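Shown here: work-v4.csv, CSV, N, CA and C atoms.
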```csv
chain,number,residue,atom,x,y,z
A,1,MET,N,-12.6,24.5,4.9
A,1,MET,CA,-13.3,23.5,4.0
A,1,MET,C,-14.5,24.1,3.3
A,2,GLY,N,-14.5,24.1,2.0
A,2,GLY,CA,-15.6,24.7,1.3
A,2,GLY,C,-16.7,23.7,0.9
A,3,ILE,N,-17.7,24.1,0.3
A,3,ILE,CA,-18.8,23.3,-0.1
A,3,ILE,C,-18.4,22.2,-1.0
A,4,LEU,N,-17.4,22.5,-1.9
A,4,LEU,CA,-16.9,21.5,-2.9
A,4,LEU,C,-16.2,20.4,-2.1
A,5,ASP,N,-15.5,20.7,-1.1
A,5,ASP,CA,-14.8,19.7,-0.3
A,5,ASP,C,-15.8,18.8,0.4
A,6,LEU,N,-16.9,19.4,0.9
A,6,LEU,CA,-17.9,18.6,1.6
A,6,LEU,C,-18.6,17.6,0.6
A,7,LEU,N,-18.8,18.0,-0.6
A,7,LEU,CA,-19.4,17.2,-1.6
A,7,LEU,C,-18.4,16.2,-2.3
A,8,GLY,N,-17.1,16.3,-1.9
A,8,GLY,CA,-16.1,15.4,-2.4
A,8,GLY,C,-15.5,15.9,-3.7
A,9,PHE,N,-15.6,17.2,-4.1
A,9,PHE,CA,-15.1,17.7,-5.3
A,9,PHE,C,-13.9,18.7,-5.1
A,10,GLY,N,-13.2,18.6,-4.0
A,10,GLY,CA,-12.1,19.5,-3.7
A,10,GLY,C,-10.9,19.2,-4.6
A,11,ASN,N,-9.7,19.5,-4.1
A,11,ASN,CA,-8.5,19.3,-4.9
A,11,ASN,C,-8.2,17.8,-5.0
A,12,LYS,N,-8.7,17.2,-6.0
A,12,LYS,CA,-8.6,15.7,-6.2
A,12,LYS,C,-7.2,15.2,-6.4
A,13,SER,N,-6.4,15.8,-7.3
A,13,SER,CA,-5.2,15.1,-7.7
A,13,SER,C,-4.2,15.0,-6.5
A,14,GLU,N,-4.1,16.0,-5.6
A,14,GLU,CA,-3.3,15.9,-4.4
A,14,GLU,C,-3.9,14.9,-3.5
A,15,ASN,N,-5.2,14.9,-3.3
A,15,ASN,CA,-5.8,13.9,-2.3
A,15,ASN,C,-5.7,12.5,-2.8
A,16,ILE,N,-5.8,12.3,-4.1
A,16,ILE,CA,-5.7,10.9,-4.7
A,16,ILE,C,-4.4,10.4,-4.4
A,17,THR,N,-3.3,11.1,-4.6
A,17,THR,CA,-2.0,10.7,-4.3
A,17,THR,C,-1.8,10.3,-2.8
A,18,GLU,N,-2.4,11.2,-1.9
A,18,GLU,CA,-2.3,10.9,-0.5
A,18,GLU,C,-3.1,9.7,-0.1
A,19,PHE,N,-4.3,9.5,-0.7
A,19,PHE,CA,-5.1,8.3,-0.4
A,19,PHE,C,-4.4,7.1,-0.9
A,20,LEU,N,-3.9,7.1,-2.1
A,20,LEU,CA,-3.2,5.9,-2.6
A,20,LEU,C,-2.0,5.5,-1.7
A,21,ALA,N,-1.3,6.6,-1.2
A,21,ALA,CA,-0.1,6.3,-0.4
A,21,ALA,C,-0.6,5.7,0.9
A,22,LYS,N,-1.8,5.9,1.4
A,22,LYS,CA,-2.3,5.2,2.6
A,22,LYS,C,-3.0,3.9,2.3
A,23,GLY,N,-2.8,3.4,1.0
A,23,GLY,CA,-3.3,2.1,0.7
A,23,GLY,C,-4.8,2.0,0.3
A,24,ALA,N,-5.3,3.2,-0.2
A,24,ALA,CA,-6.8,3.3,-0.5
A,24,ALA,C,-7.2,2.2,-1.5
A,25,ILE,N,-8.4,1.8,-1.4
A,25,ILE,CA,-9.0,0.9,-2.4
A,25,ILE,C,-10.0,1.8,-3.2
A,26,ILE,N,-10.1,1.4,-4.5
A,26,ILE,CA,-11.0,2.1,-5.4
A,26,ILE,C,-12.3,1.4,-5.5
A,27,ILE,N,-13.4,2.0,-5.2
A,27,ILE,CA,-14.7,1.5,-5.3
A,27,ILE,C,-15.4,2.1,-6.4
A,28,ASP,N,-15.8,1.4,-7.4
A,28,ASP,CA,-16.5,1.9,-8.6
A,28,ASP,C,-18.0,1.6,-8.3
A,29,VAL,N,-18.8,2.7,-8.2
A,29,VAL,CA,-20.2,2.6,-7.8
A,29,VAL,C,-21.2,2.5,-9.0
A,30,ARG,N,-20.6,2.3,-10.2
A,30,ARG,CA,-21.5,2.1,-11.3
A,30,ARG,C,-22.2,0.8,-11.3
A,31,THR,N,-23.1,0.6,-12.2
A,31,THR,CA,-23.8,-0.7,-12.3
A,31,THR,C,-22.8,-1.8,-12.7
A,32,PRO,N,-23.1,-3.1,-12.5
A,32,PRO,CA,-22.2,-4.2,-12.9
A,32,PRO,C,-22.1,-4.1,-14.5
A,33,ALA,N,-23.1,-3.8,-15.2
A,33,ALA,CA,-23.0,-3.8,-16.7
A,33,ALA,C,-22.0,-2.7,-17.1
A,34,GLU,N,-22.1,-1.5,-16.4
A,34,GLU,CA,-21.1,-0.4,-16.8
A,34,GLU,C,-19.7,-0.9,-16.4
A,35,PHE,N,-19.5,-1.5,-15.3
A,35,PHE,CA,-18.2,-1.9,-14.8
A,35,PHE,C,-17.6,-2.9,-15.7
A,36,ILE,N,-18.4,-3.9,-16.2
A,36,ILE,CA,-17.9,-4.9,-17.1
A,36,ILE,C,-17.3,-4.3,-18.4
A,37,ASN,N,-18.0,-3.2,-18.8
A,37,ASN,CA,-17.5,-2.5,-20.1
A,37,ASN,C,-16.3,-1.7,-19.9
A,38,GLY,N,-15.7,-1.6,-18.8
A,38,GLY,CA,-14.5,-0.9,-18.6
A,38,GLY,C,-14.4,-0.4,-17.1
A,39,HIS,N,-13.2,-0.5,-16.5
A,39,HIS,CA,-13.0,-0.1,-15.2
A,39,HIS,C,-11.5,0.0,-14.9
A,40,ILE,N,-11.2,0.6,-13.7
A,40,ILE,CA,-9.8,0.7,-13.3
A,40,ILE,C,-9.3,-0.7,-12.8
A,41,LYS,N,-8.2,-1.1,-13.3
A,41,LYS,CA,-7.7,-2.4,-12.9
A,41,LYS,C,-7.5,-2.5,-11.3
A,42,GLY,N,-8.0,-3.5,-10.7
A,42,GLY,CA,-7.9,-3.7,-9.3
A,42,GLY,C,-9.1,-3.0,-8.5
A,43,SER,N,-9.9,-2.2,-9.2
A,43,SER,CA,-11.0,-1.6,-8.5
A,43,SER,C,-12.1,-2.6,-8.2
A,44,LYS,N,-12.9,-2.3,-7.2
A,44,LYS,CA,-14.0,-3.2,-6.8
A,44,LYS,C,-15.3,-2.5,-7.2
A,45,ASN,N,-16.3,-3.3,-7.6
A,45,ASN,CA,-17.6,-2.8,-8.0
A,45,ASN,C,-18.6,-3.0,-6.9
A,46,VAL,N,-19.0,-1.9,-6.4
A,46,VAL,CA,-20.1,-1.9,-5.4
A,46,VAL,C,-21.1,-0.8,-5.8
A,47,PRO,N,-22.1,-1.2,-6.6
A,47,PRO,CA,-23.1,-0.2,-7.1
A,47,PRO,C,-23.6,0.7,-6.0
A,48,LEU,N,-23.9,1.9,-6.4
A,48,LEU,CA,-24.3,2.9,-5.4
A,48,LEU,C,-25.5,2.5,-4.6
A,49,ASN,N,-26.5,1.8,-5.2
A,49,ASN,CA,-27.7,1.4,-4.4
A,49,ASN,C,-27.3,0.3,-3.4
A,50,LEU,N,-26.2,-0.3,-3.5
A,50,LEU,CA,-25.8,-1.3,-2.5
A,50,LEU,C,-24.8,-0.8,-1.4
A,51,ILE,N,-24.3,0.4,-1.6
A,51,ILE,CA,-23.4,1.0,-0.6
A,51,ILE,C,-23.9,1.0,0.8
A,52,PRO,N,-25.2,1.4,1.1
A,52,PRO,CA,-25.6,1.4,2.5
A,52,PRO,C,-25.6,0.0,3.1
A,53,ASN,N,-25.8,-1.1,2.3
A,53,ASN,CA,-25.8,-2.5,2.8
A,53,ASN,C,-24.4,-3.0,3.0
A,54,GLN,N,-23.4,-2.3,2.4
A,54,GLN,CA,-22.0,-2.8,2.5
A,54,GLN,C,-21.1,-2.0,3.5
A,55,ILE,N,-21.7,-1.1,4.2
A,55,ILE,CA,-20.9,-0.3,5.2
A,55,ILE,C,-20.1,-1.1,6.1
A,56,GLU,N,-20.6,-2.1,6.7
A,56,GLU,CA,-19.8,-2.9,7.7
A,56,GLU,C,-18.7,-3.6,7.0
A,57,ILE,N,-18.9,-4.2,5.9
A,57,ILE,CA,-17.9,-4.9,5.1
A,57,ILE,C,-16.8,-3.9,4.7
A,58,LEU,N,-17.1,-2.7,4.3
A,58,LEU,CA,-16.2,-1.7,3.9
A,58,LEU,C,-15.4,-1.2,5.1
A,59,LYS,N,-16.0,-1.1,6.2
A,59,LYS,CA,-15.3,-0.7,7.4
A,59,LYS,C,-14.3,-1.7,7.8
A,60,LYS,N,-14.6,-3.0,7.7
A,60,LYS,CA,-13.7,-4.0,8.1
A,60,LYS,C,-12.4,-4.1,7.2
A,61,MET,N,-12.5,-3.5,6.1
A,61,MET,CA,-11.3,-3.4,5.2
A,61,MET,C,-10.2,-2.5,5.8
A,62,GLU,N,-10.6,-1.6,6.7
A,62,GLU,CA,-9.7,-0.7,7.4
A,62,GLU,C,-8.8,0.0,6.4
A,63,LYS,N,-9.3,0.5,5.3
A,63,LYS,CA,-8.6,1.3,4.3
A,63,LYS,C,-9.4,2.4,3.9
A,64,PRO,N,-8.7,3.5,3.5
A,64,PRO,CA,-9.5,4.6,2.9
A,64,PRO,C,-10.0,4.2,1.6
A,65,ILE,N,-11.1,4.9,1.1
A,65,ILE,CA,-11.7,4.5,-0.1
A,65,ILE,C,-11.7,5.7,-1.1
A,66,ILE,N,-11.4,5.4,-2.3
A,66,ILE,CA,-11.6,6.4,-3.4
A,66,ILE,C,-12.8,5.9,-4.2
A,67,ALA,N,-13.9,6.7,-4.3
A,67,ALA,CA,-15.1,6.3,-5.0
A,67,ALA,C,-15.0,6.9,-6.4
A,68,CYS,N,-15.5,6.1,-7.4
A,68,CYS,CA,-15.6,6.6,-8.7
A,68,CYS,C,-16.8,6.1,-9.4
A,69,CYS,N,-17.2,6.7,-10.5
A,69,CYS,CA,-18.3,6.3,-11.3
A,69,CYS,C,-18.1,6.7,-12.8
A,70,ALA,N,-19.2,7.1,-13.5
A,70,ALA,CA,-19.0,7.6,-14.8
A,70,ALA,C,-18.6,9.1,-14.9
A,71,SER,N,-19.3,9.9,-14.1
A,71,SER,CA,-19.1,11.3,-14.2
A,71,SER,C,-18.7,12.0,-12.9
A,72,GLY,N,-18.9,11.3,-11.8
A,72,GLY,CA,-18.6,11.9,-10.5
A,72,GLY,C,-19.8,12.2,-9.6
A,73,MET,N,-21.0,12.1,-10.2
A,73,MET,CA,-22.2,12.4,-9.4
A,73,MET,C,-22.5,11.2,-8.5
A,74,ARG,N,-22.6,10.0,-9.0
A,74,ARG,CA,-22.9,8.9,-8.1
A,74,ARG,C,-21.8,8.7,-7.1
A,75,SER,N,-20.5,8.9,-7.5
A,75,SER,CA,-19.4,8.7,-6.5
A,75,SER,C,-19.5,9.8,-5.4
A,76,ALA,N,-20.0,11.0,-5.8
A,76,ALA,CA,-20.2,12.0,-4.7
A,76,ALA,C,-21.3,11.6,-3.7
A,77,GLN,N,-22.3,10.9,-4.2
A,77,GLN,CA,-23.3,10.4,-3.3
A,77,GLN,C,-22.8,9.3,-2.4
A,78,ALA,N,-22.0,8.4,-3.0
A,78,ALA,CA,-21.4,7.3,-2.3
A,78,ALA,C,-20.4,7.9,-1.2
A,79,THR,N,-19.6,8.9,-1.6
A,79,THR,CA,-18.7,9.5,-0.7
A,79,THR,C,-19.4,10.1,0.5
A,80,SER,N,-20.5,10.8,0.3
A,80,SER,CA,-21.3,11.3,1.3
A,80,SER,C,-21.8,10.2,2.3
A,81,ILE,N,-22.3,9.1,1.8
A,81,ILE,CA,-22.8,8.0,2.6
A,81,ILE,C,-21.7,7.4,3.4
A,82,LEU,N,-20.5,7.2,2.7
A,82,LEU,CA,-19.4,6.5,3.4
A,82,LEU,C,-18.8,7.4,4.5
A,83,LYS,N,-18.7,8.7,4.2
A,83,LYS,CA,-18.1,9.7,5.2
A,83,LYS,C,-19.1,9.8,6.4
A,84,SER,N,-20.4,9.8,6.1
A,84,SER,CA,-21.3,9.9,7.3
A,84,SER,C,-21.3,8.6,8.1
A,85,ASN,N,-20.7,7.6,7.6
A,85,ASN,CA,-20.6,6.3,8.4
A,85,ASN,C,-19.1,6.2,8.9
A,86,GLY,N,-18.4,7.2,8.9
A,86,GLY,CA,-17.0,7.2,9.5
A,86,GLY,C,-15.9,6.6,8.7
A,87,ILE,N,-16.2,6.4,7.4
A,87,ILE,CA,-15.1,5.9,6.5
A,87,ILE,C,-14.4,7.0,5.8
A,88,ASP,N,-13.1,7.0,5.8
A,88,ASP,CA,-12.2,8.0,5.1
A,88,ASP,C,-12.4,7.8,3.7
A,89,THR,N,-13.1,8.7,3.0
A,89,THR,CA,-13.4,8.5,1.6
A,89,THR,C,-13.2,9.8,0.8
A,90,LEU,N,-12.8,9.6,-0.5
A,90,LEU,CA,-12.6,10.7,-1.4
A,90,LEU,C,-13.4,10.4,-2.7
A,91,ASN,N,-14.0,11.4,-3.2
A,91,ASN,CA,-14.7,11.3,-4.5
A,91,ASN,C,-13.6,11.4,-5.6
A,92,GLY,N,-13.4,10.3,-6.3
A,92,GLY,CA,-12.4,10.3,-7.4
A,92,GLY,C,-13.0,10.8,-8.7
A,93,GLY,N,-14.3,11.0,-8.7
A,93,GLY,CA,-15.0,11.4,-10.0
A,93,GLY,C,-15.1,10.3,-11.0
A,94,GLY,N,-15.1,10.7,-12.2
A,94,GLY,CA,-15.3,9.7,-13.3
A,94,GLY,C,-14.1,8.8,-13.4
A,95,TRP,N,-14.4,7.5,-13.6
A,95,TRP,CA,-13.3,6.5,-13.6
A,95,TRP,C,-12.3,6.7,-14.6
A,96,GLN,N,-12.6,7.2,-15.8
A,96,GLN,CA,-11.7,7.3,-16.8
A,96,GLN,C,-10.7,8.5,-16.5
A,97,SER,N,-11.2,9.6,-16.0
A,97,SER,CA,-10.2,10.6,-15.6
A,97,SER,C,-9.4,10.2,-14.3
A,98,LEU,N,-10.0,9.5,-13.4
A,98,LEU,CA,-9.3,9.0,-12.3
A,98,LEU,C,-8.1,8.0,-12.7
A,99,ALA,N,-8.4,7.2,-13.7
A,99,ALA,CA,-7.4,6.2,-14.2
A,99,ALA,C,-6.2,7.0,-14.7
A,100,LYS,N,-6.4,8.2,-15.3
A,100,LYS,CA,-5.3,9.0,-15.8
A,100,LYS,C,-4.4,9.6,-14.7
A,101,GLN,N,-5.0,9.7,-13.5
A,101,GLN,CA,-4.3,10.3,-12.4
A,101,GLN,C,-3.5,9.3,-11.5
A,102,ILE,N,-3.8,8.0,-11.7
A,102,ILE,CA,-3.1,7.0,-10.9
A,102,ILE,C,-2.1,6.2,-11.7
```
Translate this structure into structure tokens?
Amino acid sequence: MGILDLLGFGNKSENITEFLAKGAIIIDVRTPAEFINGHIKGSKNVPLNLIPNQIEILKKMEKPIIACCASGMRSAQATSILKSNGIDTLNGGGWQSLAKQI
């Protein structure tokens, strides 16, 4: 496992397919205003600043999470927080590129 894997930037396309096969939910960590202007159908908006407060709720979903944002930077931060709390998480990067992969 390399540094890119730890930051959530590893081989995304293969992992995205695997995560979706496991019933993953997509969490968009952008602001509500950004989310309203476009998002992946069925994704849930949990802004990055609220992720720490939503850990228990996300754990209760008992599903892996694919985090996305505008460019992949905020979703990398969210992925790190979620992984450190024991949630199976993948950084999906920017929501528009993620949408093309699913």
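All residues of protein, DNA or RNA that reach within 6 Å of range 81-88 of chain A, judged by only N, CA and C atoms and not counting those fewer than 2 positions away in the chain, are Pro64, Ile65, Gln77, Ala78, Thr79 and Leu90 of chain A.
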Select from chain A everything DSSP, run on the backbone, classes as alpha helix (DSSP H), then give the selection as an NGL selection string. :A and (3-6 or 12-21 or 32-36 or 51-60 or 73-84 or 95-101)
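Between atom N of Gln54 in chain A and atom C of Ala99 in chain A the separation is 26.0 Å.
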Please measure the separation of atom C of Asn91 in chain A and CA of Ala21 in chain A, giving the value in Å to one decimal.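 Atom-to-atom, atom C of Asn91 in chain A and CA of Ala21 in chain A are spaced 15.3 Å apart.
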Report, in Å with one decimal, the straight-line distance from atom C of Glu34 in chain A to CA of Lys22 in chain A.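 About the pair atom C of Glu34 in chain A and CA of Lys22 in chain A: they are 26.5 Å apart.
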Between A:Ala70, A:Ala24, A:Asn53, A:Ala76, which residue has the minimum interatomic distance to Gly94 in chain A, considering all atoms listed in the file?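 The shortest atom-to-atom distance to Gly94 in chain A comes from A:Ala70.
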May I ask which of the residues A:Ile102, A:Thr89, A:Asp28, A:Leu58 is the closest one to Asn45 in chain A, counting only N, CA and C atoms? A:Asp28
Pick from A:Ile66, A:Leu98, A:Met61, A:Thr17, whichever lies nearest to Ile40 in chain A using only N, CA and C atoms: A:Leu98
Thr31 in chain A: which residues within 7 Å, counting only N, CA and C atoms, same-chain residues fewer than 2 positions away excluded, as a list of chain:residue names?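 Near neighbours after the sequence-gap exclusion: A:Asp28, A:Val29, A:Ala33, A:Glu34, A:Phe35, A:Ile36, A:Val46, A:Pro47, A:Leu48.
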Find, counting all atoms listed in the file, the residue in A:Asn15, A:Ser43, A:Ile25, A:Leu20 that gets nearest to Lys63 in chain A.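 Closest residue, counting all atoms listed in the file: A:Ile25.
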Mind the document's chain letters and residue numbers, and return as an NGL selection string the residues of range 16-75 of chain A that DSSP labels strand (DSSP E). :A and (25-28 or 44-45 or 65-69)
